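Asker: Sharing a structure with you now.
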Amino acid sequence: MSKDLDALLESALDDFVKQEKDIASLSSTSSLPPLRPSPPASSSLSPSSLSASSPSSSSVASSLNNNNKSDDVDSADSLKDRGNVFYKNGALEDALSLYLRALSLRPHDPVFASNASAVLYELGRYMECIEKVDMAIINISNNNNPSLLHAKVLVRKVKSLSLLKRYKEATHSLTHLLSIPDHKIVITQNEIQQLQEALSHEREGPSLSCLSSLFQTLPRYRPPSAPSNFEYHAVGHDKASSALSGLIEVTKEEQEDGGASDSDDVAPRQDPGYHDSLDKDSPLRLNISENNSISILFAGIGDARHLFATIIDLAQQMEQTPPPPSLLSSLSSSTTSSSTWKVHCTMIDIVPSVFARDLLLFHIIDKLGVALDHHAQGSLEVVMIVSVLLYLYLGELIPCYIYDRLLVYIAELEECLRLGGAGSLPPHMSMRESDLPAILDVLAYWKVAKYSKKSLFKAIKQGELHSEQMRKSTGIRDMMDNRRAEMIATINSLTDEEILDMNKKTGGRNITAAEHRADLIAMMYDDDAVHNILRSNSAGDATIIEKEIFKQTHAITPPLLLRKEYGDDDFTLLIDMINERRETDPTVAQRLKKTIRQSERWLVNPTFHDKAWTQKNGLRALFHDPYNLCADLYGILLPFPRKENSLYKQLDILFITLAESYKSVKAHIHLEWAVAELTQFCLLQLQHNDSEVGEKKHFDRVYLSNIPDYTGGALCVFLYVTPLLKSLPSSFTSFNVLLNTTKWSDYTSHIYEYTLLPTLDLSRRIFGARYICGHLMTDEPRWGLAPTLPIPRHDLFSVDALTSYLMRLFLFLTLPVDQVPNQHSRINYPLNMLSFVATLHRLVAVGYPPHWISSVLAQLLSGSISTRARPPMLDNKNLDLAPTPTAICTLPFLPDLELALSVYKPILSFGLPFPILPISSYTKYSITIPGYFSLPFFITQIPVMALYFMHPDEDPRHLSKLRYRIQTARLRVYLTSIIEWDEPSQTACFWMTKKRHASMLAERWSVVVVRLDLYAPVSMETTLVAKARIVKLL
């Protein structure tokens, strides 16, 4: 970031802090500070700079006390006057206290009750507000007070009842209000009409099953230009870690005291790498007495490595002697009953192939556990089963004799599920019957799929070229080169004694310090590492030889016992040749490739390829290194067996440990599988729809892999995931940042990119999400719930600051950010307007008064807003803020906003005092838009599509200037991204009210498909016609 930008940002932040201190004097919409990545340390935002109150209550109180020294300081009128000053200055709690004191002195005075009701309304305490309104109305009736005050309090009551969703009472109060002669003085005819329409539209909301269908149907993401099948990653990217970390081990102090003080608590075991981040003075504790279980969600379960690590961890903890107190003493008991502790794991993924493969893995792991009861560990049967697991898990190519056994296991699992359904799963597993057909289809496909090795190696070559292009275009190679240089410098700075000690600790060969130093430096170079190490290896280092074979052929060396049993002499011969020459020989390399590519004894692993993806896009190479992945799989649970001289021997230890662990914990673990998209799953959980997916509504741990990379980043996490966490200090969610890491300088700038919040702490004050620990490039960042929800009033944003933030977020979600050419910015499915409404829903749960939220919505729905916020830009000279409030036309985005509100309205925790059409008013239309053409796009960016509807008076060439035109004119265009787009058929589906669609037809509006990343039309302009197909009424 340039010095000029730092200066601009610091100045803007200081200006905002000053603005917040004078908030009471602002008459126009203010704004949050200019939110940009990496705000300078000198301009940090303190909690007070964005607080709800401006001048402190203490300063106002001090001023009042100094100016009210008269003898009647405690009289009712004096208390009211002092309360008025507090109210005017935003010190609402102090004003309320004084009004209530005045009311206690003169309980029959309706003015005091009215004032108290006004403060309670502003605080969002609507039930108490209604009580005080009723008290005022009684006193007005008894004292024959003017009807003006009567009308004022009734308006407050109608709005409060509407916000509480007590619509029948609100209708009755509105009728009462209209009978008062002076009501036109306190409420406009337009406001009356809006309230009447809002209350008339209220009907009994849709059922949970209907909401479930809506959330499954309505897109929550802006569609890419060519929606492909979801990516299927057969091999993960991160180190295996147990979800029980931080849960199942007593602290050092408790060990010294002889155990935990409370048998219903579990103290944390801290992970390596997080010691400095966790609060050692107040150990995290999980209370287990409430539901007798731990609930864990693995979203994007992938290759199940975290689940494997959790199972091994649980078994190891149970075997401790003596076992840790609380949970594990219960788990380790010999008695089993319905009250026995359970670790409930829910696994979700959007690709059925993931579950087919994971269920197959567990099926074979179960087979291995049974085999170990009857056969020795080194027996032919055990070696065969472990080999099947090895190749199923890590091998792109499989020897035919192992491939045949794999097909047997696939057929067994398919037959079991086909005959018995989901009920045929083991008792400790469950699955929805609705997910079963897709999984059976995958298993049936894998049984007969015969992939071409030629196609596989072609995909590998193309992928290598693509990866190199990506590295050059995104700066990844430069980053890797810099990191390599740093590591080499570190290696060279070590003494010979330190080098030898490092070699000894890692179980290395008996070589000199100079040789080991050379080996370490050689390992820093991806292309030449294996070759250079091979030249200095002893003849017996089989792992290095296996690595060289894999480098040339992408084939993992089978164990010697199976090679001998099934007459596979090729590998033995090749190993001997490499062993004799001690270095890579072009002749040997060519023979290696020819042997694997032409031999019928090697076949492509079918489980590495998803049926839908392969049929559409062809085979896909994974570019994984099974030898590095082997170390990742061990994670923090098992000592890595560095002295083992083959990949099989290393993974033999892992899979046998896993099989034995799995067998020992079956009675204490429940595994639930669900094919589901993350936000859909979370929405259903939050709606108490536990019968649909899962028994547990809230979770102790949520692992997201790098799903947020694809779906809106941290904003998606804060809106849909953190609300599912239990309100415990030890509960957290974690997610990787893998796709766009070179784009940001630090984790703060990453969070800003998705949430528009300049510091991590502000996430707590807006979304109730608490940053725990982790970094952008190293550790998985962890987030929990704020310690206190709702957030205390004094820690909330002011109403003006919140309004400005929501205006900026609205523009961020409706208009795309200008892209920088060749900057890595891959977000396959960015969020749409539904997430803006989800933000409003979340704000109320965090503690913001619902009438603040409804006020923002009323401004947006009016078609024009006045704000300093403006469409987000990436230009370093632009801080996303105008120097003065600017009028912005919101009409182009109202169809999306109104649709999102109609969908969310039944589940919002508050009502809206203005009309929102019920979801039954909407129709899903399908229209073919001819002339679609594909424009070139940056290799690092995913094109995002939308529909651009235009009145005949509008010029489609003005699309490129939309972000500027909305600041200068009231436009007759609609830009909607809640759509479905099918490129092959050039068909778009959109949701719209019949009334709006009919009006557009009558006025002969047209539509064009646009790419938001370029602000360019990519189809012919098509006039709307009455024959547009109606797909489905919602």
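So you can find residues: chains in the structure tokens are A, B, ... in the order shown, residues in each start at 1, and ligands are numbered from 1 in order.
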Write out as a PDB file with N, CA, C and O atoms, in the first residue's frame which residues come within 10 Å of stretch 605-619 of chain A when counting only C-alpha atoms, dropping same-chain ones fewer than 2 positions away.

Answerer:
```
ATOM      1  N   SER A 228     -20.576 -25.045 -14.188  1.00  0.00           N
ATOM      2  CA  SER A 228     -20.160 -26.422 -14.417  1.00  0.00           C
ATOM      3  C   SER A 228     -20.518 -27.247 -13.195  1.00  0.00           C
ATOM      4  O   SER A 228     -21.009 -26.734 -12.196  1.00  0.00           O
ATOM      5  N   ASN A 229     -20.265 -28.533 -13.288  1.00  0.00           N
ATOM      6  CA  ASN A 229     -20.472 -29.369 -12.121  1.00  0.00           C
ATOM      7  C   ASN A 229     -19.496 -28.954 -11.030  1.00  0.00           C
ATOM      8  O   ASN A 229     -18.394 -28.503 -11.300  1.00  0.00           O
ATOM      9  N   PHE A 230     -19.923 -29.107  -9.807  1.00  0.00           N
ATOM     10  CA  PHE A 230     -19.086 -28.677  -8.708  1.00  0.00           C
ATOM     11  C   PHE A 230     -17.797 -29.501  -8.667  1.00  0.00           C
ATOM     12  O   PHE A 230     -17.787 -30.692  -8.964  1.00  0.00           O
ATOM     13  N   GLU A 231     -16.724 -28.831  -8.293  1.00  0.00           N
ATOM     14  CA  GLU A 231     -15.431 -29.490  -8.280  1.00  0.00           C
ATOM     15  C   GLU A 231     -15.433 -30.662  -7.307  1.00  0.00           C
ATOM     16  O   GLU A 231     -16.018 -30.595  -6.229  1.00  0.00           O
ATOM     17  N   TYR A 232     -14.741 -31.710  -7.714  1.00  0.00           N
ATOM     18  CA  TYR A 232     -14.630 -32.913  -6.893  1.00  0.00           C
ATOM     19  C   TYR A 232     -13.163 -33.123  -6.584  1.00  0.00           C
ATOM     20  O   TYR A 232     -12.373 -33.468  -7.461  1.00  0.00           O
ATOM     21  N   HIS A 233     -12.794 -32.876  -5.329  1.00  0.00           N
ATOM     22  CA  HIS A 233     -11.413 -33.033  -4.904  1.00  0.00           C
ATOM     23  C   HIS A 233     -11.282 -34.368  -4.169  1.00  0.00           C
ATOM     24  O   HIS A 233     -11.710 -34.495  -3.023  1.00  0.00           O
ATOM     25  N   ALA A 234     -10.695 -35.340  -4.848  1.00  0.00           N
ATOM     26  CA  ALA A 234     -10.527 -36.650  -4.222  1.00  0.00           C
ATOM     27  C   ALA A 234      -9.462 -36.619  -3.140  1.00  0.00           C
ATOM     28  O   ALA A 234      -9.452 -37.464  -2.247  1.00  0.00           O
ATOM     29  N   VAL A 235      -8.556 -35.668  -3.222  1.00  0.00           N
ATOM     30  CA  VAL A 235      -7.470 -35.545  -2.246  1.00  0.00           C
ATOM     31  C   VAL A 235      -7.493 -34.140  -1.682  1.00  0.00           C
ATOM     32  O   VAL A 235      -7.587 -33.156  -2.426  1.00  0.00           O
ATOM     33  N   VAL A 351     -21.228 -32.655  -3.450  1.00  0.00           N
ATOM     34  CA  VAL A 351     -20.944 -33.626  -4.506  1.00  0.00           C
ATOM     35  C   VAL A 351     -21.209 -35.035  -3.980  1.00  0.00           C
ATOM     36  O   VAL A 351     -20.533 -35.487  -3.052  1.00  0.00           O
ATOM     37  N   PRO A 352     -22.172 -35.778  -4.533  1.00  0.00           N
ATOM     38  CA  PRO A 352     -22.457 -37.138  -4.053  1.00  0.00           C
ATOM     39  C   PRO A 352     -21.251 -38.070  -4.136  1.00  0.00           C
ATOM     40  O   PRO A 352     -21.120 -38.989  -3.317  1.00  0.00           O
ATOM     41  N   SER A 353     -20.359 -37.850  -5.093  1.00  0.00           N
ATOM     42  CA  SER A 353     -19.177 -38.714  -5.217  1.00  0.00           C
ATOM     43  C   SER A 353     -18.318 -38.678  -3.967  1.00  0.00           C
ATOM     44  O   SER A 353     -17.649 -39.666  -3.632  1.00  0.00           O
ATOM     45  N   VAL A 354     -18.316 -37.549  -3.273  1.00  0.00           N
ATOM     46  CA  VAL A 354     -17.539 -37.446  -2.031  1.00  0.00           C
ATOM     47  C   VAL A 354     -18.041 -38.455  -1.016  1.00  0.00           C
ATOM     48  O   VAL A 354     -17.254 -39.178  -0.384  1.00  0.00           O
ATOM     49  N   ALA A 356     -19.912 -41.154  -1.625  1.00  0.00           N
ATOM     50  CA  ALA A 356     -19.717 -42.509  -2.123  1.00  0.00           C
ATOM     51  C   ALA A 356     -18.316 -42.987  -1.785  1.00  0.00           C
ATOM     52  O   ALA A 356     -18.118 -44.121  -1.332  1.00  0.00           O
ATOM     53  N   ARG A 357     -17.341 -42.136  -1.983  1.00  0.00           N
ATOM     54  CA  ARG A 357     -15.948 -42.516  -1.711  1.00  0.00           C
ATOM     55  C   ARG A 357     -15.678 -42.651  -0.216  1.00  0.00           C
ATOM     56  O   ARG A 357     -15.004 -43.589   0.229  1.00  0.00           O
ATOM     57  N   LEU A 360     -17.216 -45.747   1.082  1.00  0.00           N
ATOM     58  CA  LEU A 360     -16.397 -46.876   0.628  1.00  0.00           C
ATOM     59  C   LEU A 360     -15.156 -47.019   1.495  1.00  0.00           C
ATOM     60  O   LEU A 360     -14.768 -48.141   1.868  1.00  0.00           O
ATOM     61  N   TYR A 391      -4.244 -47.125  -2.358  1.00  0.00           N
ATOM     62  CA  TYR A 391      -4.489 -46.693  -3.733  1.00  0.00           C
ATOM     63  C   TYR A 391      -5.827 -45.975  -3.882  1.00  0.00           C
ATOM     64  O   TYR A 391      -5.953 -45.028  -4.661  1.00  0.00           O
ATOM     65  N   LEU A 392      -6.822 -46.415  -3.160  1.00  0.00           N
ATOM     66  CA  LEU A 392      -8.111 -45.723  -3.182  1.00  0.00           C
ATOM     67  C   LEU A 392      -7.941 -44.292  -2.714  1.00  0.00           C
ATOM     68  O   LEU A 392      -8.539 -43.359  -3.268  1.00  0.00           O
ATOM     69  N   TYR A 393      -7.093 -44.079  -1.725  1.00  0.00           N
ATOM     70  CA  TYR A 393      -6.953 -42.779  -1.085  1.00  0.00           C
ATOM     71  C   TYR A 393      -5.985 -41.859  -1.824  1.00  0.00           C
ATOM     72  O   TYR A 393      -6.217 -40.661  -1.918  1.00  0.00           O
ATOM     73  N   LEU A 394      -4.893 -42.433  -2.372  1.00  0.00           N
ATOM     74  CA  LEU A 394      -3.828 -41.581  -2.897  1.00  0.00           C
ATOM     75  C   LEU A 394      -3.404 -41.880  -4.326  1.00  0.00           C
ATOM     76  O   LEU A 394      -2.651 -41.105  -4.913  1.00  0.00           O
ATOM     77  N   GLY A 395      -3.834 -42.993  -4.894  1.00  0.00           N
ATOM     78  CA  GLY A 395      -3.279 -43.412  -6.169  1.00  0.00           C
ATOM     79  C   GLY A 395      -4.115 -43.041  -7.378  1.00  0.00           C
ATOM     80  O   GLY A 395      -5.286 -43.438  -7.474  1.00  0.00           O
ATOM     81  N   GLU A 396      -3.541 -42.304  -8.324  1.00  0.00           N
ATOM     82  CA  GLU A 396      -4.238 -42.029  -9.582  1.00  0.00           C
ATOM     83  C   GLU A 396      -4.310 -43.277 -10.454  1.00  0.00           C
ATOM     84  O   GLU A 396      -5.239 -43.454 -11.231  1.00  0.00           O
ATOM     85  N   LEU A 397      -3.293 -44.135 -10.331  1.00  0.00           N
ATOM     86  CA  LEU A 397      -3.243 -45.399 -11.066  1.00  0.00           C
ATOM     87  C   LEU A 397      -3.173 -46.542 -10.069  1.00  0.00           C
ATOM     88  O   LEU A 397      -2.561 -46.413  -8.998  1.00  0.00           O
ATOM     89  N   ILE A 398      -3.800 -47.681 -10.413  1.00  0.00           N
ATOM     90  CA  ILE A 398      -3.887 -48.810  -9.491  1.00  0.00           C
ATOM     91  C   ILE A 398      -3.477 -50.085 -10.231  1.00  0.00           C
ATOM     92  O   ILE A 398      -3.935 -50.328 -11.356  1.00  0.00           O
ATOM     93  N   PRO A 399      -2.629 -50.945  -9.612  1.00  0.00           N
ATOM     94  CA  PRO A 399      -2.317 -52.244 -10.221  1.00  0.00           C
ATOM     95  C   PRO A 399      -3.589 -53.080 -10.354  1.00  0.00           C
ATOM     96  O   PRO A 399      -4.497 -53.001  -9.518  1.00  0.00           O
ATOM     97  N   TYR A 403      -6.892 -53.352  -8.066  1.00  0.00           N
ATOM     98  CA  TYR A 403      -8.098 -52.787  -8.694  1.00  0.00           C
ATOM     99  C   TYR A 403      -9.262 -53.779  -8.609  1.00  0.00           C
ATOM    100  O   TYR A 403     -10.399 -53.390  -8.310  1.00  0.00           O
ATOM    101  N   LEU A 406     -10.708 -53.768  -5.202  1.00  0.00           N
ATOM    102  CA  LEU A 406     -11.462 -52.536  -5.007  1.00  0.00           C
ATOM    103  C   LEU A 406     -12.863 -52.654  -5.602  1.00  0.00           C
ATOM    104  O   LEU A 406     -13.852 -52.245  -4.981  1.00  0.00           O
ATOM    105  N   LEU A 407     -12.973 -53.239  -6.793  1.00  0.00           N
ATOM    106  CA  LEU A 407     -14.286 -53.415  -7.420  1.00  0.00           C
ATOM    107  C   LEU A 407     -15.180 -54.317  -6.582  1.00  0.00           C
ATOM    108  O   LEU A 407     -16.401 -54.117  -6.532  1.00  0.00           O
ATOM    109  N   ILE A 410     -16.580 -52.118  -3.881  1.00  0.00           N
ATOM    110  CA  ILE A 410     -17.584 -51.199  -4.428  1.00  0.00           C
ATOM    111  C   ILE A 410     -18.905 -51.939  -4.637  1.00  0.00           C
ATOM    112  O   ILE A 410     -19.985 -51.435  -4.290  1.00  0.00           O
ATOM    113  N   ASP A 441     -25.884 -44.226  -7.755  1.00  0.00           N
ATOM    114  CA  ASP A 441     -25.534 -43.962  -9.153  1.00  0.00           C
ATOM    115  C   ASP A 441     -24.023 -43.841  -9.318  1.00  0.00           C
ATOM    116  O   ASP A 441     -23.448 -44.349 -10.286  1.00  0.00           O
ATOM    117  N   VAL A 442     -23.361 -43.192  -8.367  1.00  0.00           N
ATOM    118  CA  VAL A 442     -21.908 -43.046  -8.426  1.00  0.00           C
ATOM    119  C   VAL A 442     -21.230 -44.402  -8.289  1.00  0.00           C
ATOM    120  O   VAL A 442     -20.308 -44.739  -9.052  1.00  0.00           O
ATOM    121  N   LEU A 443     -21.666 -45.206  -7.319  1.00  0.00           N
ATOM    122  CA  LEU A 443     -21.051 -46.517  -7.103  1.00  0.00           C
ATOM    123  C   LEU A 443     -21.232 -47.411  -8.335  1.00  0.00           C
ATOM    124  O   LEU A 443     -20.297 -48.122  -8.743  1.00  0.00           O
ATOM    125  N   TYR A 445     -21.550 -46.439 -11.359  1.00  0.00           N
ATOM    126  CA  TYR A 445     -20.692 -45.907 -12.427  1.00  0.00           C
ATOM    127  C   TYR A 445     -19.243 -46.334 -12.224  1.00  0.00           C
ATOM    128  O   TYR A 445     -18.557 -46.709 -13.173  1.00  0.00           O
ATOM    129  N   TRP A 446     -18.776 -46.255 -10.985  1.00  0.00           N
ATOM    130  CA  TRP A 446     -17.386 -46.634 -10.707  1.00  0.00           C
ATOM    131  C   TRP A 446     -17.125 -48.110 -10.997  1.00  0.00           C
ATOM    132  O   TRP A 446     -16.010 -48.493 -11.349  1.00  0.00           O
ATOM    133  N   LYS A 447     -18.152 -48.930 -10.848  1.00  0.00           N
ATOM    134  CA  LYS A 447     -17.962 -50.364 -11.102  1.00  0.00           C
ATOM    135  C   LYS A 447     -17.594 -50.648 -12.550  1.00  0.00           C
ATOM    136  O   LYS A 447     -16.869 -51.604 -12.846  1.00  0.00           O
ATOM    137  N   VAL A 448     -18.100 -49.862 -13.468  1.00  0.00           N
ATOM    138  CA  VAL A 448     -17.917 -50.158 -14.900  1.00  0.00           C
ATOM    139  C   VAL A 448     -17.052 -49.129 -15.614  1.00  0.00           C
ATOM    140  O   VAL A 448     -16.712 -49.316 -16.778  1.00  0.00           O
ATOM    141  N   ALA A 449     -16.690 -48.041 -14.937  1.00  0.00           N
ATOM    142  CA  ALA A 449     -15.925 -46.981 -15.595  1.00  0.00           C
ATOM    143  C   ALA A 449     -14.534 -47.479 -15.960  1.00  0.00           C
ATOM    144  O   ALA A 449     -13.821 -48.048 -15.135  1.00  0.00           O
ATOM    145  N   LYS A 450     -14.140 -47.266 -17.194  1.00  0.00           N
ATOM    146  CA  LYS A 450     -12.802 -47.616 -17.672  1.00  0.00           C
ATOM    147  C   LYS A 450     -12.208 -46.359 -18.306  1.00  0.00           C
ATOM    148  O   LYS A 450     -12.506 -46.013 -19.441  1.00  0.00           O
ATOM    149  N   TYR A 451     -11.376 -45.684 -17.555  1.00  0.00           N
ATOM    150  CA  TYR A 451     -10.808 -44.435 -18.032  1.00  0.00           C
ATOM    151  C   TYR A 451      -9.532 -44.691 -18.834  1.00  0.00           C
ATOM    152  O   TYR A 451      -8.772 -45.620 -18.553  1.00  0.00           O
ATOM    153  N   SER A 452      -9.281 -43.861 -19.800  1.00  0.00           N
ATOM    154  CA  SER A 452      -8.100 -43.971 -20.648  1.00  0.00           C
ATOM    155  C   SER A 452      -6.892 -43.358 -19.956  1.00  0.00           C
ATOM    156  O   SER A 452      -6.939 -42.199 -19.518  1.00  0.00           O
ATOM    157  N   LYS A 453      -5.806 -44.136 -19.879  1.00  0.00           N
ATOM    158  CA  LYS A 453      -4.577 -43.590 -19.303  1.00  0.00           C
ATOM    159  C   LYS A 453      -4.004 -42.496 -20.194  1.00  0.00           C
ATOM    160  O   LYS A 453      -3.392 -41.540 -19.709  1.00  0.00           O
ATOM    161  N   SER A 455      -5.715 -40.302 -21.831  1.00  0.00           N
ATOM    162  CA  SER A 455      -6.444 -39.079 -21.489  1.00  0.00           C
ATOM    163  C   SER A 455      -5.964 -38.518 -20.156  1.00  0.00           C
ATOM    164  O   SER A 455      -5.870 -37.302 -19.974  1.00  0.00           O
ATOM    165  N   LEU A 456      -5.659 -39.418 -19.230  1.00  0.00           N
ATOM    166  CA  LEU A 456      -5.187 -38.966 -17.927  1.00  0.00           C
ATOM    167  C   LEU A 456      -3.859 -38.234 -18.061  1.00  0.00           C
ATOM    168  O   LEU A 456      -3.685 -37.137 -17.512  1.00  0.00           O
ATOM    169  N   PHE A 457      -2.908 -38.799 -18.782  1.00  0.00           N
ATOM    170  CA  PHE A 457      -1.597 -38.165 -18.907  1.00  0.00           C
ATOM    171  C   PHE A 457      -1.686 -36.890 -19.747  1.00  0.00           C
ATOM    172  O   PHE A 457      -0.919 -35.946 -19.534  1.00  0.00           O
ATOM    173  N   LYS A 458      -2.632 -36.841 -20.659  1.00  0.00           N
ATOM    174  CA  LYS A 458      -2.859 -35.602 -21.401  1.00  0.00           C
ATOM    175  C   LYS A 458      -3.369 -34.511 -20.455  1.00  0.00           C
ATOM    176  O   LYS A 458      -2.938 -33.356 -20.526  1.00  0.00           O
ATOM    177  N   ALA A 459      -4.286 -34.890 -19.574  1.00  0.00           N
ATOM    178  CA  ALA A 459      -4.801 -33.939 -18.594  1.00  0.00           C
ATOM    179  C   ALA A 459      -3.702 -33.476 -17.648  1.00  0.00           C
ATOM    180  O   ALA A 459      -3.650 -32.310 -17.251  1.00  0.00           O
ATOM    181  N   ILE A 460      -2.811 -34.387 -17.292  1.00  0.00           N
ATOM    182  CA  ILE A 460      -1.701 -34.030 -16.413  1.00  0.00           C
ATOM    183  C   ILE A 460      -0.810 -32.989 -17.079  1.00  0.00           C
ATOM    184  O   ILE A 460      -0.420 -31.994 -16.467  1.00  0.00           O
ATOM    185  N   TRP A 602      -2.046 -51.804 -15.226  1.00  0.00           N
ATOM    186  CA  TRP A 602      -2.292 -50.584 -14.461  1.00  0.00           C
ATOM    187  C   TRP A 602      -3.530 -49.881 -15.010  1.00  0.00           C
ATOM    188  O   TRP A 602      -3.655 -49.697 -16.219  1.00  0.00           O
ATOM    189  N   LEU A 603      -4.439 -49.504 -14.096  1.00  0.00           N
ATOM    190  CA  LEU A 603      -5.692 -48.863 -14.497  1.00  0.00           C
ATOM    191  C   LEU A 603      -5.896 -47.565 -13.719  1.00  0.00           C
ATOM    192  O   LEU A 603      -5.340 -47.380 -12.629  1.00  0.00           O
ATOM    193  N   ALA A 621      -6.586 -34.144 -13.785  1.00  0.00           N
ATOM    194  CA  ALA A 621      -5.414 -34.531 -13.002  1.00  0.00           C
ATOM    195  C   ALA A 621      -5.403 -33.769 -11.685  1.00  0.00           C
ATOM    196  O   ALA A 621      -5.839 -32.618 -11.606  1.00  0.00           O
ATOM    197  N   LEU A 622      -4.883 -34.414 -10.625  1.00  0.00           N
ATOM    198  CA  LEU A 622      -4.928 -33.814  -9.295  1.00  0.00           C
ATOM    199  C   LEU A 622      -3.618 -33.144  -8.891  1.00  0.00           C
ATOM    200  O   LEU A 622      -3.600 -32.306  -8.016  1.00  0.00           O
TER     201      LEU A 622
END
```

Asker: Determine, counting only C-alpha atoms, which protein, DNA and RNA residues have an atom within 7 Å of an atom of stretch 362-372 of chain A; residues of the same chain fewer than 5 positions away are not included. Present the result as a list of chain:residue names.

Answerer: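 Surrounding residues, per the criterion: A:Gln377, A:Val382, A:Ile385, A:Ala659, A:Glu660, A:Lys663.
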
Asker: Find the nearest atom pair between each residue of stretch 729-763 of chain A and stretch 696-713 of chain A for residues within 8 Å, count only C-alpha atoms, give distances in Å to one decimal, sort rows by chain and ascending number, and present the table as a tab-separated table.

Answerer:
```
residue	atom	partner	partner_atom	distance
A:Ser730	CA	A:Asp700	CA	7.3
A:Ser731	CA	A:Asp700	CA	4.6
A:Phe732	CA	A:Arg701	CA	5.3
A:Thr733	CA	A:Val702	CA	4.5
A:Ser734	CA	A:Tyr703	CA	5.4
A:Phe735	CA	A:Leu704	CA	4.9
A:Asn736	CA	A:Asn706	CA	4.6
A:Val737	CA	A:Asn706	CA	5.9
A:Leu738	CA	A:Asn706	CA	6.6
A:Leu739	CA	A:Asp709	CA	6.2
A:Asn740	CA	A:Asp709	CA	7.6
A:Ile751	CA	A:Gly713	CA	7.9
A:Tyr754	CA	A:Gly713	CA	5.9
```

Asker: Neighbouring residues of stretch 424-436 of chain A were defined as those with any atom within 6 Å, considering only C-alpha atoms; residues of the same chain fewer than 5 positions away were excluded. Please report them as a PDB file with all heavy atoms, in the first residue's frame.

Answerer:
```
ATOM      1  N   HIS A 670     -21.382 -41.046  16.416  1.00  0.00           N
ATOM      2  CA  HIS A 670     -22.427 -41.167  15.397  1.00  0.00           C
ATOM      3  C   HIS A 670     -22.012 -40.342  14.185  1.00  0.00           C
ATOM      4  O   HIS A 670     -21.667 -39.162  14.312  1.00  0.00           O
ATOM      5  CB  HIS A 670     -23.778 -40.666  15.906  1.00  0.00           C
ATOM      6  CG  HIS A 670     -24.893 -40.881  14.915  1.00  0.00           C
ATOM      7  ND1 HIS A 670     -25.554 -42.086  14.793  1.00  0.00           N
ATOM      8  CD2 HIS A 670     -25.434 -40.061  13.978  1.00  0.00           C
ATOM      9  CE1 HIS A 670     -26.457 -42.003  13.836  1.00  0.00           C
ATOM     10  NE2 HIS A 670     -26.403 -40.773  13.316  1.00  0.00           N
ATOM     11  N   LEU A 671     -22.049 -40.957  13.018  1.00  0.00           N
ATOM     12  CA  LEU A 671     -21.648 -40.310  11.779  1.00  0.00           C
ATOM     13  C   LEU A 671     -22.875 -40.110  10.902  1.00  0.00           C
ATOM     14  O   LEU A 671     -23.539 -41.075  10.536  1.00  0.00           O
ATOM     15  CB  LEU A 671     -20.605 -41.161  11.037  1.00  0.00           C
ATOM     16  CG  LEU A 671     -19.378 -41.595  11.841  1.00  0.00           C
ATOM     17  CD1 LEU A 671     -18.453 -42.447  10.987  1.00  0.00           C
ATOM     18  CD2 LEU A 671     -18.633 -40.381  12.388  1.00  0.00           C
ATOM     19  N   GLU A 672     -23.147 -38.864  10.584  1.00  0.00           N
ATOM     20  CA  GLU A 672     -24.309 -38.532   9.767  1.00  0.00           C
ATOM     21  C   GLU A 672     -23.838 -37.903   8.462  1.00  0.00           C
ATOM     22  O   GLU A 672     -23.023 -36.974   8.469  1.00  0.00           O
ATOM     23  CB  GLU A 672     -25.211 -37.549  10.522  1.00  0.00           C
ATOM     24  CG  GLU A 672     -26.439 -37.142   9.742  1.00  0.00           C
ATOM     25  CD  GLU A 672     -27.203 -36.036  10.445  1.00  0.00           C
ATOM     26  OE1 GLU A 672     -26.611 -35.354  11.301  1.00  0.00           O
ATOM     27  OE2 GLU A 672     -28.379 -35.845  10.127  1.00  0.00           O
ATOM     28  N   TRP A 673     -24.347 -38.401   7.340  1.00  0.00           N
ATOM     29  CA  TRP A 673     -23.928 -37.943   6.024  1.00  0.00           C
ATOM     30  C   TRP A 673     -25.091 -37.237   5.340  1.00  0.00           C
ATOM     31  O   TRP A 673     -26.211 -37.745   5.338  1.00  0.00           O
ATOM     32  CB  TRP A 673     -23.472 -39.127   5.168  1.00  0.00           C
ATOM     33  CG  TRP A 673     -22.519 -40.056   5.866  1.00  0.00           C
ATOM     34  CD1 TRP A 673     -22.848 -41.107   6.664  1.00  0.00           C
ATOM     35  CD2 TRP A 673     -21.093 -40.001   5.842  1.00  0.00           C
ATOM     36  NE1 TRP A 673     -21.720 -41.734   7.132  1.00  0.00           N
ATOM     37  CE2 TRP A 673     -20.620 -41.065   6.641  1.00  0.00           C
ATOM     38  CE3 TRP A 673     -20.168 -39.180   5.214  1.00  0.00           C
ATOM     39  CZ2 TRP A 673     -19.273 -41.319   6.839  1.00  0.00           C
ATOM     40  CZ3 TRP A 673     -18.823 -39.423   5.404  1.00  0.00           C
ATOM     41  CH2 TRP A 673     -18.382 -40.479   6.207  1.00  0.00           C
TER      42      TRP A 673
END
```
